[in-house]
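J.: The following file, query_7.cif, comprises mmCIF, C-alpha atoms:
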data_input
#
loop_
_atom_site.group_PDB
_atom_site.id
_atom_site.type_symbol
_atom_site.label_atom_id
_atom_site.label_comp_id
_atom_site.auth_asym_id
_atom_site.auth_seq_id
_atom_site.Cartn_x
_atom_site.Cartn_y
_atom_site.Cartn_z
ATOM 1 C CA MET O 1 19.198 -5.400 1.356
ATOM 2 C CA PRO O 2 21.207 -2.168 1.272
ATOM 3 C CA ARG O 3 20.865 -0.465 4.640
ATOM 4 C CA SER O 4 20.857 2.937 2.979
ATOM 5 C CA THR O 5 17.656 1.953 1.162
ATOM 6 C CA ILE O 6 15.869 1.175 4.428
ATOM 7 C CA ARG O 7 17.148 4.361 6.001
ATOM 8 C CA ARG O 8 15.981 6.564 3.131
ATOM 9 C CA ALA O 9 12.509 5.022 3.139
ATOM 10 C CA PHE O 10 12.106 5.299 6.884
ATOM 11 C CA THR O 11 13.482 8.816 7.322
ATOM 12 C CA ALA O 12 10.440 10.115 5.431
ATOM 13 C CA VAL O 13 8.343 9.681 8.594
ATOM 14 C CA PRO O 14 6.818 12.989 9.739
ATOM 15 C CA VAL O 15 7.794 13.645 13.363
ATOM 16 C CA ALA O 16 4.324 14.839 14.307
ATOM 17 C CA LEU O 17 2.795 11.664 12.898
ATOM 18 C CA THR O 18 5.127 9.466 14.922
ATOM 19 C CA LEU O 19 4.368 11.358 18.122
ATOM 20 C CA SER O 20 0.645 11.263 17.462
ATOM 21 C CA LEU O 21 0.749 7.520 16.870
ATOM 22 C CA SER O 22 2.703 6.877 20.049
ATOM 23 C CA ALA O 23 0.315 8.960 22.100
ATOM 24 C CA SER O 24 -2.884 7.411 20.783
ATOM 25 C CA ALA O 25 -1.920 3.824 20.094
ATOM 26 C CA CYS O 26 0.371 3.106 22.996
ATOM 27 C CA SER O 27 -1.885 4.688 25.594
ATOM 28 C CA GLY O 28 -4.838 2.569 24.471
ATOM 29 C CA SER O 29 -3.185 -0.782 24.024
ATOM 30 C CA ALA O 30 -0.258 -2.702 25.388
ATOM 31 C CA SER O 31 1.415 -5.176 23.064
ATOM 32 C CA GLY O 32 0.226 -7.969 25.309
ATOM 33 C CA ASP O 33 -3.468 -7.032 24.981
ATOM 34 C CA ASP O 34 -4.845 -9.863 22.866
ATOM 35 C CA ASN O 35 -8.219 -8.163 22.353
ATOM 36 C CA THR O 36 -7.001 -4.807 20.985
ATOM 37 C CA VAL O 37 -5.923 -4.464 17.364
ATOM 38 C CA ARG O 38 -3.804 -1.412 16.490
ATOM 39 C CA PHE O 39 -4.249 -1.058 12.735
ATOM 40 C CA GLY O 40 -2.650 1.381 10.309
ATOM 41 C CA TYR O 41 -4.127 2.284 6.935
ATOM 42 C CA ILE O 42 -3.759 4.663 3.998
ATOM 43 C CA GLY O 43 -6.663 7.000 3.342
ATOM 44 C CA ASP O 44 -7.911 5.538 0.062
ATOM 45 C CA TYR O 45 -10.322 2.822 -1.046
ATOM 46 C CA ASN O 46 -7.657 0.108 -1.045
ATOM 47 C CA GLY O 47 -6.381 0.965 2.402
ATOM 48 C CA ALA O 48 -9.581 1.845 4.235
ATOM 49 C CA SER O 49 -12.531 -0.058 2.777
ATOM 50 C CA LEU O 50 -12.174 -3.298 4.751
ATOM 51 C CA LEU O 51 -11.622 -1.410 7.996
ATOM 52 C CA ALA O 52 -14.724 0.700 7.360
ATOM 53 C CA ILE O 53 -16.770 -2.434 6.645
ATOM 54 C CA ALA O 54 -15.422 -4.369 9.640
ATOM 55 C CA GLU O 55 -16.373 -1.535 11.973
ATOM 56 C CA LYS O 56 -19.840 -0.872 10.526
ATOM 57 C CA GLN O 57 -20.739 -4.561 10.257
ATOM 58 C CA GLY O 58 -19.584 -5.295 13.809
ATOM 59 C CA LEU O 59 -17.036 -7.859 12.642
ATOM 60 C CA TRP O 60 -14.392 -6.877 15.181
ATOM 61 C CA LYS O 61 -16.890 -7.257 18.004
ATOM 62 C CA GLU O 62 -18.015 -10.662 16.716
ATOM 63 C CA ALA O 63 -14.383 -11.779 16.813
ATOM 64 C CA GLY O 64 -13.958 -10.496 20.375
ATOM 65 C CA LEU O 65 -11.627 -7.719 19.207
ATOM 66 C CA THR O 66 -11.492 -3.935 19.465
ATOM 67 C CA ALA O 67 -9.827 -2.039 16.611
ATOM 68 C CA GLN O 68 -7.894 1.207 16.982
ATOM 69 C CA VAL O 69 -7.140 2.573 13.512
ATOM 70 C CA LYS O 70 -4.647 5.239 12.458
ATOM 71 C CA SER O 71 -4.100 6.895 9.079
ATOM 72 C CA PHE O 72 -0.653 7.055 7.457
ATOM 73 C CA ASN O 73 0.756 8.606 4.271
ATOM 74 C CA ASN O 74 2.323 5.413 2.937
ATOM 75 C CA GLY O 75 3.303 1.825 3.570
ATOM 76 C CA PRO O 76 6.952 2.228 4.642
ATOM 77 C CA VAL O 77 5.914 4.523 7.502
ATOM 78 C CA GLN O 78 3.569 1.815 8.782
ATOM 79 C CA ILE O 79 6.301 -0.819 8.554
ATOM 80 C CA GLN O 80 8.481 1.408 10.722
ATOM 81 C CA ALA O 81 5.662 1.672 13.255
ATOM 82 C CA LEU O 82 5.241 -2.118 13.218
ATOM 83 C CA THR O 83 8.968 -2.570 13.789
ATOM 84 C CA ALA O 84 8.893 -0.089 16.682
ATOM 85 C CA GLY O 85 5.964 -1.924 18.283
ATOM 86 C CA ASP O 86 3.589 1.032 17.861
ATOM 87 C CA LEU O 87 1.249 -0.899 15.531
ATOM 88 C CA ASP O 88 0.094 -4.505 15.274
ATOM 89 C CA TYR O 89 -1.106 -4.369 11.652
ATOM 90 C CA GLY O 90 -0.877 -2.159 8.606
ATOM 91 C CA TYR O 91 -1.728 -1.868 4.928
ATOM 92 C CA ILE O 92 0.800 -1.609 2.084
ATOM 93 C CA GLY O 93 0.690 -1.268 -1.664
ATOM 94 C CA PRO O 94 2.827 -3.323 -4.049
ATOM 95 C CA GLY O 95 5.649 -0.790 -4.041
ATOM 96 C CA ALA O 96 6.344 -1.418 -0.344
ATOM 97 C CA MET O 97 6.318 -5.215 -0.661
ATOM 98 C CA TRP O 98 10.121 -5.231 -0.525
ATOM 99 C CA LEU O 99 9.884 -4.466 3.197
ATOM 100 C CA PRO O 100 8.137 -7.678 4.304
ATOM 101 C CA ALA O 101 10.349 -9.477 1.770
ATOM 102 C CA SER O 102 13.322 -8.121 3.727
ATOM 103 C CA GLY O 103 11.917 -9.488 6.994
ATOM 104 C CA LYS O 104 10.406 -6.289 8.391
ATOM 105 C CA SER O 105 6.881 -7.734 8.729
ATOM 106 C CA LYS O 106 4.611 -10.604 7.639
ATOM 107 C CA VAL O 107 1.993 -10.433 4.884
ATOM 108 C CA ILE O 108 -1.141 -11.983 6.380
ATOM 109 C CA ALA O 109 -3.686 -11.278 3.627
ATOM 110 C CA VAL O 110 -3.747 -10.062 0.050
ATOM 111 C CA ASN O 111 -6.306 -7.281 -0.273
ATOM 112 C CA THR O 112 -6.780 -6.231 -3.909
ATOM 113 C CA LEU O 113 -4.974 -5.865 -7.201
ATOM 114 C CA THR O 114 -4.298 -2.206 -7.863
ATOM 115 C CA TYR O 115 -3.614 -0.343 -11.077
ATOM 116 C CA ALA O 116 -3.605 3.193 -9.672
ATOM 117 C CA ASP O 117 0.074 4.028 -10.184
ATOM 118 C CA ARG O 118 1.308 6.411 -12.867
ATOM 119 C CA VAL O 119 4.286 8.412 -14.007
ATOM 120 C CA ILE O 120 2.916 11.879 -14.651
ATOM 121 C CA GLY O 121 4.538 14.835 -16.385
ATOM 122 C CA GLN O 122 3.871 18.511 -16.743
ATOM 123 C CA PRO O 123 1.921 19.537 -19.880
ATOM 124 C CA GLY O 124 4.060 18.742 -22.922
ATOM 125 C CA VAL O 125 6.213 16.157 -21.110
ATOM 126 C CA LYS O 126 4.893 13.129 -22.967
ATOM 127 C CA SER O 127 7.537 10.424 -22.615
ATOM 128 C CA MET O 128 10.180 9.091 -20.244
ATOM 129 C CA LYS O 129 12.824 10.497 -22.605
ATOM 130 C CA ASP O 130 11.279 13.943 -22.047
ATOM 131 C CA LEU O 131 12.008 13.521 -18.328
ATOM 132 C CA LYS O 132 15.727 12.926 -18.881
ATOM 133 C CA GLY O 133 17.678 15.242 -16.595
ATOM 134 C CA LYS O 134 14.447 16.606 -15.104
ATOM 135 C CA ARG O 135 13.239 16.721 -11.484
ATOM 136 C CA VAL O 136 10.910 13.803 -10.709
ATOM 137 C CA GLY O 137 9.244 13.512 -7.300
ATOM 138 C CA VAL O 138 8.533 10.126 -5.710
ATOM 139 C CA PRO O 139 7.544 8.889 -2.245
ATOM 140 C CA GLU O 140 10.560 6.609 -2.045
ATOM 141 C CA GLY O 141 9.958 2.930 -1.327
ATOM 142 C CA THR O 142 6.288 3.091 -2.362
ATOM 143 C CA SER O 143 4.320 2.099 -5.459
ATOM 144 C CA GLY O 144 5.014 5.571 -6.897
ATOM 145 C CA ASP O 145 8.715 4.751 -6.774
ATOM 146 C CA MET O 146 7.939 1.338 -8.239
ATOM 147 C CA VAL O 147 6.032 2.632 -11.277
ATOM 148 C CA LEU O 148 8.787 5.165 -12.007
ATOM 149 C CA ASN O 149 11.421 2.427 -11.942
ATOM 150 C CA ILE O 150 9.283 0.157 -14.148
ATOM 151 C CA ALA O 151 8.842 2.973 -16.682
ATOM 152 C CA LEU O 152 12.547 3.835 -16.647
ATOM 153 C CA GLU O 153 13.453 0.190 -17.195
ATOM 154 C CA LYS O 154 10.992 -0.124 -20.098
ATOM 155 C CA ALA O 155 12.437 3.015 -21.709
ATOM 156 C CA GLY O 156 16.000 1.718 -21.421
ATOM 157 C CA MET O 157 16.812 4.306 -18.758
ATOM 158 C CA THR O 158 17.896 4.193 -15.115
ATOM 159 C CA ALA O 159 17.269 6.371 -12.078
ATOM 160 C CA LYS O 160 20.528 8.173 -12.931
ATOM 161 C CA ASP O 161 18.850 9.578 -16.056
ATOM 162 C CA VAL O 162 16.481 11.730 -13.984
ATOM 163 C CA GLU O 163 16.874 13.901 -10.905
ATOM 164 C CA LYS O 164 14.888 11.772 -8.490
ATOM 165 C CA VAL O 165 13.581 13.729 -5.481
ATOM 166 C CA ASN O 166 12.207 11.909 -2.424
ATOM 167 C CA MET O 167 8.988 13.616 -1.267
ATOM 168 C CA ASP O 168 5.997 12.650 0.832
ATOM 169 C CA PRO O 169 2.686 12.489 -1.081
ATOM 170 C CA SER O 170 1.334 15.853 0.086
ATOM 171 C CA THR O 171 4.567 17.573 -0.973
ATOM 172 C CA ILE O 172 4.354 15.977 -4.421
ATOM 173 C CA VAL O 173 0.838 17.376 -4.847
ATOM 174 C CA SER O 174 1.957 20.916 -4.020
ATOM 175 C CA ALA O 175 5.300 20.700 -5.854
ATOM 176 C CA PHE O 176 3.780 19.356 -9.079
ATOM 177 C CA SER O 177 0.850 21.784 -8.935
ATOM 178 C CA SER O 178 3.232 24.738 -8.596
ATOM 179 C CA GLY O 179 5.629 23.510 -11.286
ATOM 180 C CA GLN O 180 8.538 22.847 -8.926
ATOM 181 C CA ILE O 181 8.963 19.334 -10.331
ATOM 182 C CA ASP O 182 8.689 18.191 -13.934
ATOM 183 C CA GLY O 183 7.250 14.759 -13.220
ATOM 184 C CA ALA O 184 6.303 12.313 -10.503
ATOM 185 C CA GLY O 185 5.963 8.625 -9.795
ATOM 186 C CA PHE O 186 2.610 8.811 -8.082
ATOM 187 C CA PHE O 187 -0.843 7.288 -7.667
ATOM 188 C CA TYR O 188 -4.573 7.838 -7.645
ATOM 189 C CA PRO O 189 -6.565 9.266 -5.878
ATOM 190 C CA ALA O 190 -3.877 11.888 -5.148
ATOM 191 C CA ILE O 191 -3.386 12.463 -8.898
ATOM 192 C CA ASP O 192 -7.018 13.614 -9.063
ATOM 193 C CA THR O 193 -6.115 16.340 -6.569
ATOM 194 C CA ILE O 194 -3.284 17.516 -8.822
ATOM 195 C CA LYS O 195 -5.573 17.478 -11.869
ATOM 196 C CA LYS O 196 -7.738 20.160 -10.293
ATOM 197 C CA LYS O 197 -4.816 22.581 -10.716
ATOM 198 C CA VAL O 198 -3.043 20.976 -13.680
ATOM 199 C CA PRO O 199 -5.885 19.453 -15.724
ATOM 200 C CA ASP O 200 -3.727 18.900 -18.819
ATOM 201 C CA LEU O 201 -0.945 16.969 -17.081
ATOM 202 C CA GLU O 202 0.435 14.017 -19.025
ATOM 203 C CA GLU O 203 0.081 10.373 -17.925
ATOM 204 C CA ILE O 204 3.331 8.976 -19.272
ATOM 205 C CA ALA O 205 3.282 5.445 -17.879
ATOM 206 C CA SER O 206 0.893 3.218 -15.951
ATOM 207 C CA THR O 207 0.958 -0.110 -14.136
ATOM 208 C CA LYS O 208 -2.123 -0.911 -16.232
ATOM 209 C CA ASP O 209 0.112 -1.196 -19.282
ATOM 210 C CA THR O 210 2.378 -3.923 -17.906
ATOM 211 C CA GLY O 211 -0.086 -6.820 -17.808
ATOM 212 C CA ASP O 212 1.297 -7.830 -14.403
ATOM 213 C CA ALA O 213 -0.510 -8.272 -11.082
ATOM 214 C CA PHE O 214 0.156 -5.656 -8.394
ATOM 215 C CA PRO O 215 -1.226 -6.915 -5.076
ATOM 216 C CA THR O 216 -1.963 -4.721 -2.081
ATOM 217 C CA ALA O 217 -1.789 -6.430 1.290
ATOM 218 C CA PHE O 218 -2.259 -6.347 5.032
ATOM 219 C CA VAL O 219 0.834 -6.907 7.134
ATOM 220 C CA ALA O 220 1.465 -7.853 10.758
ATOM 221 C CA GLY O 221 4.364 -7.099 13.058
ATOM 222 C CA ASN O 222 6.746 -9.992 13.463
ATOM 223 C CA LYS O 223 6.001 -10.311 17.183
ATOM 224 C CA VAL O 224 2.197 -10.461 16.882
ATOM 225 C CA PRO O 225 1.029 -13.937 17.998
ATOM 226 C CA GLU O 226 -0.340 -16.330 15.372
ATOM 227 C CA GLU O 227 -3.624 -16.747 17.251
ATOM 228 C CA LYS O 228 -4.282 -13.013 17.000
ATOM 229 C CA ASN O 229 -3.292 -13.002 13.314
ATOM 230 C CA SER O 230 -5.775 -15.807 12.669
ATOM 231 C CA LYS O 231 -8.644 -13.805 14.208
ATOM 232 C CA VAL O 232 -7.711 -10.670 12.271
ATOM 233 C CA ILE O 233 -7.410 -12.581 8.986
ATOM 234 C CA LYS O 234 -10.910 -13.985 9.513
ATOM 235 C CA VAL O 235 -12.316 -10.479 10.048
ATOM 236 C CA LEU O 236 -10.554 -9.244 6.904
ATOM 237 C CA GLN O 237 -11.917 -12.192 4.918
ATOM 238 C CA GLN O 238 -15.472 -11.521 6.093
ATOM 239 C CA ALA O 239 -15.145 -7.820 5.260
ATOM 240 C CA ASN O 240 -13.597 -8.691 1.910
ATOM 241 C CA ASP O 241 -16.560 -10.840 0.895
ATOM 242 C CA TRP O 242 -19.024 -8.183 2.046
ATOM 243 C CA ARG O 243 -17.149 -5.654 -0.108
ATOM 244 C CA LYS O 244 -17.249 -7.997 -3.107
ATOM 245 C CA GLN O 245 -20.991 -8.524 -2.697
ATOM 246 C CA HIS O 246 -21.834 -4.874 -1.907
ATOM 247 C CA PRO O 247 -19.565 -2.660 -4.065
ATOM 248 C CA GLU O 248 -21.721 0.474 -3.922
ATOM 249 C CA GLU O 249 -22.320 0.218 -0.183
ATOM 250 C CA SER O 250 -18.608 -0.348 0.423
ATOM 251 C CA ILE O 251 -17.844 2.859 -1.461
ATOM 252 C CA ALA O 252 -20.339 4.735 0.705
ATOM 253 C CA LEU O 253 -18.894 3.345 3.952
ATOM 254 C CA THR O 254 -15.339 4.138 2.882
ATOM 255 C CA ALA O 255 -16.274 7.681 1.872
ATOM 256 C CA GLU O 256 -17.910 8.168 5.268
ATOM 257 C CA MET O 257 -14.814 6.916 7.087
ATOM 258 C CA LEU O 258 -12.448 9.081 5.024
ATOM 259 C CA GLU O 259 -14.795 12.100 5.099
ATOM 260 C CA VAL O 260 -14.725 12.523 1.312
ATOM 261 C CA THR O 261 -17.481 12.385 -1.284
ATOM 262 C CA GLU O 262 -18.804 9.112 -2.650
ATOM 263 C CA ALA O 263 -17.904 10.356 -6.128
ATOM 264 C CA GLN O 264 -14.258 10.698 -5.091
ATOM 265 C CA THR O 265 -14.223 7.226 -3.571
ATOM 266 C CA LYS O 266 -15.955 5.710 -6.606
ATOM 267 C CA ALA O 267 -13.297 7.221 -8.885
ATOM 268 C CA ASP O 268 -10.602 5.830 -6.590
ATOM 269 C CA ALA O 269 -12.214 2.364 -6.577
ATOM 270 C CA SER O 270 -12.224 2.315 -10.386
ATOM 271 C CA HIS O 271 -8.475 1.585 -10.293
ATOM 272 C CA VAL O 272 -8.950 -1.454 -8.050
ATOM 273 C CA GLU O 273 -9.695 -5.112 -8.793
ATOM 274 C CA THR O 274 -11.325 -6.891 -5.862
ATOM 275 C CA LEU O 275 -11.309 -10.670 -5.476
ATOM 276 C CA SER O 276 -13.475 -12.926 -3.343
ATOM 277 C CA THR O 277 -11.909 -14.689 -0.373
ATOM 278 C CA LYS O 278 -12.597 -18.004 -2.115
ATOM 279 C CA ASP O 279 -10.603 -16.785 -5.105
ATOM 280 C CA LEU O 280 -7.755 -15.459 -2.952
ATOM 281 C CA ALA O 281 -7.577 -18.727 -1.003
ATOM 282 C CA ALA O 282 -7.507 -20.716 -4.247
ATOM 283 C CA LYS O 283 -4.777 -18.496 -5.705
ATOM 284 C CA THR O 284 -2.826 -18.861 -2.464
ATOM 285 C CA GLU O 285 -3.058 -22.653 -2.518
ATOM 286 C CA SER O 286 -2.195 -22.902 -6.219
ATOM 287 C CA GLY O 287 0.927 -20.764 -5.779
ATOM 288 C CA GLU O 288 -0.359 -17.911 -7.939
ATOM 289 C CA VAL O 289 -0.082 -15.370 -5.112
ATOM 290 C CA ASN O 290 3.497 -16.467 -4.476
ATOM 291 C CA ALA O 291 4.196 -16.020 -8.204
ATOM 292 C CA TRP O 292 2.934 -12.412 -7.994
ATOM 293 C CA LEU O 293 5.197 -11.759 -5.029
ATOM 294 C CA LYS O 294 8.168 -13.506 -6.619
ATOM 295 C CA LYS O 295 7.891 -11.339 -9.721
ATOM 296 C CA LEU O 296 7.774 -8.197 -7.586
ATOM 297 C CA GLY O 297 10.797 -9.480 -5.685
ATOM 298 C CA ASP O 298 12.755 -9.914 -8.915
ATOM 299 C CA PHE O 299 11.989 -6.291 -9.747
ATOM 300 C CA PHE O 300 13.126 -5.092 -6.311
ATOM 301 C CA VAL O 301 16.407 -6.993 -6.724
ATOM 302 C CA ARG O 302 17.014 -5.327 -10.103
ATOM 303 C CA ASN O 303 16.405 -1.952 -8.465
ATOM 304 C CA GLU O 304 18.699 -2.784 -5.524
ATOM 305 C CA GLN O 305 15.949 -2.578 -2.919
ATOM 306 C CA LEU O 306 16.644 -6.228 -2.110
ATOM 307 C CA ASP O 307 19.962 -8.053 -2.261
ATOM 308 C CA ASP O 308 18.175 -11.316 -3.069
ATOM 309 C CA ASN O 309 14.622 -12.481 -3.691
ATOM 310 C CA PRO O 310 13.392 -14.783 -0.905
ATOM 311 C CA ASP O 311 10.762 -17.488 -1.239
ATOM 312 C CA PRO O 312 7.455 -15.627 -0.678
ATOM 313 C CA GLY O 313 6.498 -18.370 1.783
ATOM 314 C CA GLU O 314 9.024 -16.817 4.152
ATOM 315 C CA TYR O 315 6.974 -13.623 4.504
ATOM 316 C CA TYR O 316 3.450 -14.416 3.226
ATOM 317 C CA ASP O 317 1.574 -16.596 5.721
ATOM 318 C CA GLY O 318 -0.566 -18.272 3.087
ATOM 319 C CA ASP O 319 -1.161 -21.357 5.208
ATOM 320 C CA LEU O 320 -2.732 -19.244 7.952
ATOM 321 C CA TYR O 321 -4.854 -17.419 5.373
ATOM 322 C CA SER O 322 -6.131 -20.713 3.961
ATOM 323 C CA GLN O 323 -6.794 -22.130 7.432
ATOM 324 C CA ALA O 324 -8.797 -19.053 8.417
ATOM 325 C CA TYR O 325 -10.905 -19.393 5.255
ATOM 326 C CA SER O 326 -11.633 -23.073 5.883
ATOM 327 C CA LYS O 327 -12.934 -22.449 9.434
#
Can the structure in the file be given as structure tokens, please?

T.:
Amino acid sequence: MPRSTIRRAFTAVPVALTLSLSASACSGSASGDDNTVRFGYIGDYNGASLLAIAEKQGLWKEAGLTAQVKSFNNGPVQIQALTAGDLDYGYIGPGAMWLPASGKSKVIAVNTLTYADRVIGQPGVKSMKDLKGKRVGVPEGTSGDMVLNIALEKAGMTAKDVEKVNMDPSTIVSAFSSGQIDGAGFFYPAIDTIKKKVPDLEEIASTKDTGDAFPTAFVAGNKVPEEKNSKVIKVLQQANDWRKQHPEESIALTAEMLEVTEAQTKADASHVETLSTKDLAAKTESGEVNAWLKKLGDFFVRNEQLDDNPDPGEYYDGDLYSQAYSK
């Protein structure tokens, strides 16, 4: 994988966030503490719902674990924290899957299929051709970057045809709302925030239109012991089935955790496809999950985020997931 790609993705880490993480996570848990789980997440339904459920349903306690959770802007920032030893686990969307594929972490559980990613344009910018030569903001290395690259590829264009600007999600919201950028590779629910100021923005492209699967996932640091991963996977599986069986209650718990309205969380959840643990285990054992990851890997190779596409079995611990389900 090109080293410059890793560097660009990781240099987007806000300094204050890194310092805050080190102060809170490291003071509360040493890497050798088998009972403490330091878990990163993104503040949306995909990233937070299972953690909200696990806490409220007492699943961590039942497993003999204590969870310390920390919010992040995106997946690549969490992978950096995992690599630095400041986190044990994190959550990533499909656009950051190139990082575990490059050996930076292990995927321990598929979470959902997400279709929240869009290329958006200012009013009147209705096609990828309209963005040619224009400023397009993306949180580089994330699913926003991914959907932009997919749309460019489909339109017969490359990243060289637009002025791609690496921005963190909050900067994209303000820059698009104030007209400083012409388009963005971005995602819901943050797009809803932009719509409050630019209600007639254009949705130019969507992952919904591709017909492909875009899995979100939970990842573990490479040095986290397998025994701990097994316990955490079991908690995630239990929370996943509770979410599948109680969709409305899971929305309420997630909204409470994120301190947003249930209406906002419900709108966010509308872009998500949840699967039962039984279904995920079956898709793991049949090789379907690996096929999803392999197809993403092919895309990352074409976009030079990976030099080659490894066997997903090298970074997705499907055997451990299946074993945890069968217990």

J.: For a test of reading the model, state the distance in Å between CA of Leu113 in chain O and CA of Ser286 in chain O, rounded to one decimal.

T.: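 Interatomic distance, CA of Leu113 in chain O to CA of Ser286 in chain O: 17.3 Å.
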
J.: Please write the residues picked by the PyMOL selection byres ((chain O and resi 281) around 10) on this file as a PyMOL selection string.

T.: chain O and resi 109-110+237+275-280+282-287+289+318-319+321-326

J.: Keeping only C-alpha atoms, write those residues as an mmCIF file, in the frame of the given file.

T.:
data_model
loop_
_atom_site.group_PDB
_atom_site.id
_atom_site.type_symbol
_atom_site.label_atom_id
_atom_site.label_comp_id
_atom_site.auth_asym_id
_atom_site.auth_seq_id
_atom_site.Cartn_x
_atom_site.Cartn_y
_atom_site.Cartn_z
ATOM 1 C CA ALA O 109 -3.686 -11.278 3.627
ATOM 2 C CA VAL O 110 -3.747 -10.062 0.050
ATOM 3 C CA GLN O 237 -11.917 -12.192 4.918
ATOM 4 C CA LEU O 275 -11.309 -10.670 -5.476
ATOM 5 C CA SER O 276 -13.475 -12.926 -3.343
ATOM 6 C CA THR O 277 -11.909 -14.689 -0.373
ATOM 7 C CA LYS O 278 -12.597 -18.004 -2.115
ATOM 8 C CA ASP O 279 -10.603 -16.785 -5.105
ATOM 9 C CA LEU O 280 -7.755 -15.459 -2.952
ATOM 10 C CA ALA O 282 -7.507 -20.716 -4.247
ATOM 11 C CA LYS O 283 -4.777 -18.496 -5.705
ATOM 12 C CA THR O 284 -2.826 -18.861 -2.464
ATOM 13 C CA GLU O 285 -3.058 -22.653 -2.518
ATOM 14 C CA SER O 286 -2.195 -22.902 -6.219
ATOM 15 C CA GLY O 287 0.927 -20.764 -5.779
ATOM 16 C CA VAL O 289 -0.082 -15.370 -5.112
ATOM 17 C CA GLY O 318 -0.566 -18.272 3.087
ATOM 18 C CA ASP O 319 -1.161 -21.357 5.208
ATOM 19 C CA TYR O 321 -4.854 -17.419 5.373
ATOM 20 C CA SER O 322 -6.131 -20.713 3.961
ATOM 21 C CA GLN O 323 -6.794 -22.130 7.432
ATOM 22 C CA ALA O 324 -8.797 -19.053 8.417
ATOM 23 C CA TYR O 325 -10.905 -19.393 5.255
ATOM 24 C CA SER O 326 -11.633 -23.073 5.883
#

J.: At a cut-off of 12 Å around the point (2.1, 24.0, -8.5) (file coordinates), what residues fall inside when counting only C-alpha atoms? I'd like the answer as a PDB file with C-alpha atoms, in the frame of the given file.

T.:
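Result went into part_20.pdb, see below:
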ATOM      1  CA  GLN O 122       3.871  18.511 -16.743  1.00  0.00           C
ATOM      2  CA  SER O 170       1.334  15.853   0.086  1.00  0.00           C
ATOM      3  CA  THR O 171       4.567  17.573  -0.973  1.00  0.00           C
ATOM      4  CA  ILE O 172       4.354  15.977  -4.421  1.00  0.00           C
ATOM      5  CA  VAL O 173       0.838  17.376  -4.847  1.00  0.00           C
ATOM      6  CA  SER O 174       1.957  20.916  -4.020  1.00  0.00           C
ATOM      7  CA  ALA O 175       5.300  20.700  -5.854  1.00  0.00           C
ATOM      8  CA  PHE O 176       3.780  19.356  -9.079  1.00  0.00           C
ATOM      9  CA  SER O 177       0.850  21.784  -8.935  1.00  0.00           C
ATOM     10  CA  SER O 178       3.232  24.738  -8.596  1.00  0.00           C
ATOM     11  CA  GLY O 179       5.629  23.510 -11.286  1.00  0.00           C
ATOM     12  CA  GLN O 180       8.538  22.847  -8.926  1.00  0.00           C
ATOM     13  CA  ILE O 181       8.963  19.334 -10.331  1.00  0.00           C
ATOM     14  CA  ASP O 182       8.689  18.191 -13.934  1.00  0.00           C
ATOM     15  CA  GLY O 183       7.250  14.759 -13.220  1.00  0.00           C
ATOM     16  CA  THR O 193      -6.115  16.340  -6.569  1.00  0.00           C
ATOM     17  CA  ILE O 194      -3.284  17.516  -8.822  1.00  0.00           C
ATOM     18  CA  LYS O 195      -5.573  17.478 -11.869  1.00  0.00           C
ATOM     19  CA  LYS O 196      -7.738  20.160 -10.293  1.00  0.00           C
ATOM     20  CA  LYS O 197      -4.816  22.581 -10.716  1.00  0.00           C
ATOM     21  CA  VAL O 198      -3.043  20.976 -13.680  1.00  0.00           C
ATOM     22  CA  PRO O 199      -5.885  19.453 -15.724  1.00  0.00           C
ATOM     23  CA  LEU O 201      -0.945  16.969 -17.081  1.00  0.00           C
TER      24      LEU O 201
END

J.: Using all atoms listed in the file, what residues lie at most 9 Å away from (-11.8, 8.7, -6.2) (file coordinates), given as a ChimeraX atom specification?

T.: /O:44-45,188-190,192,260-271

J.: Would you compute the distance between CA of Tyr41 in chain O and CA of Asp311 in chain O? Give it in Å to one decimal.

T.: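 Taking CA of Tyr41 in chain O and CA of Asp311 in chain O, their separation equals 26.1 Å.
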
J.: Please measure the separation of CA of Lys160 in chain O and CA of Pro76 in chain O, giving the value in Å to one decimal.

T.: 23.0 Å

J.: Measuring between all atoms listed in the file, which one of O:Leu152, O:Ile53, O:Ile204, O:Ala63 shows the shortest distance to Lys164 in chain O?

T.: O:Leu152

J.: Export N, CA and C atoms of range 150-156 of chain O from the structure just given, as a CSV table (one decimal), in the first residue's frame?

T.:
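Okay, this is what ended up in decode-v7.csv:
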chain,number,residue,atom,x,y,z
O,150,ILE,N,-16.2,5.8,-6.5
O,150,ILE,CA,-17.1,4.9,-7.3
O,150,ILE,C,-17.8,5.8,-8.3
O,151,ALA,N,-18.3,6.9,-8.0
O,151,ALA,CA,-19.1,7.8,-8.9
O,151,ALA,C,-18.2,8.3,-10.0
O,152,LEU,N,-16.9,8.7,-9.7
O,152,LEU,CA,-16.0,9.1,-10.7
O,152,LEU,C,-15.7,8.0,-11.7
O,153,GLU,N,-15.5,6.8,-11.2
O,153,GLU,CA,-15.2,5.6,-12.0
O,153,GLU,C,-16.4,5.3,-13.0
O,154,LYS,N,-17.6,5.4,-12.4
O,154,LYS,CA,-18.8,5.1,-13.2
O,154,LYS,C,-19.0,6.2,-14.3
O,155,ALA,N,-18.6,7.4,-14.0
O,155,ALA,CA,-18.7,8.5,-15.0
O,155,ALA,C,-17.6,8.6,-16.0
O,156,GLY,N,-16.6,7.6,-15.9
O,156,GLY,CA,-15.5,7.6,-16.8
O,156,GLY,C,-14.5,8.7,-16.4
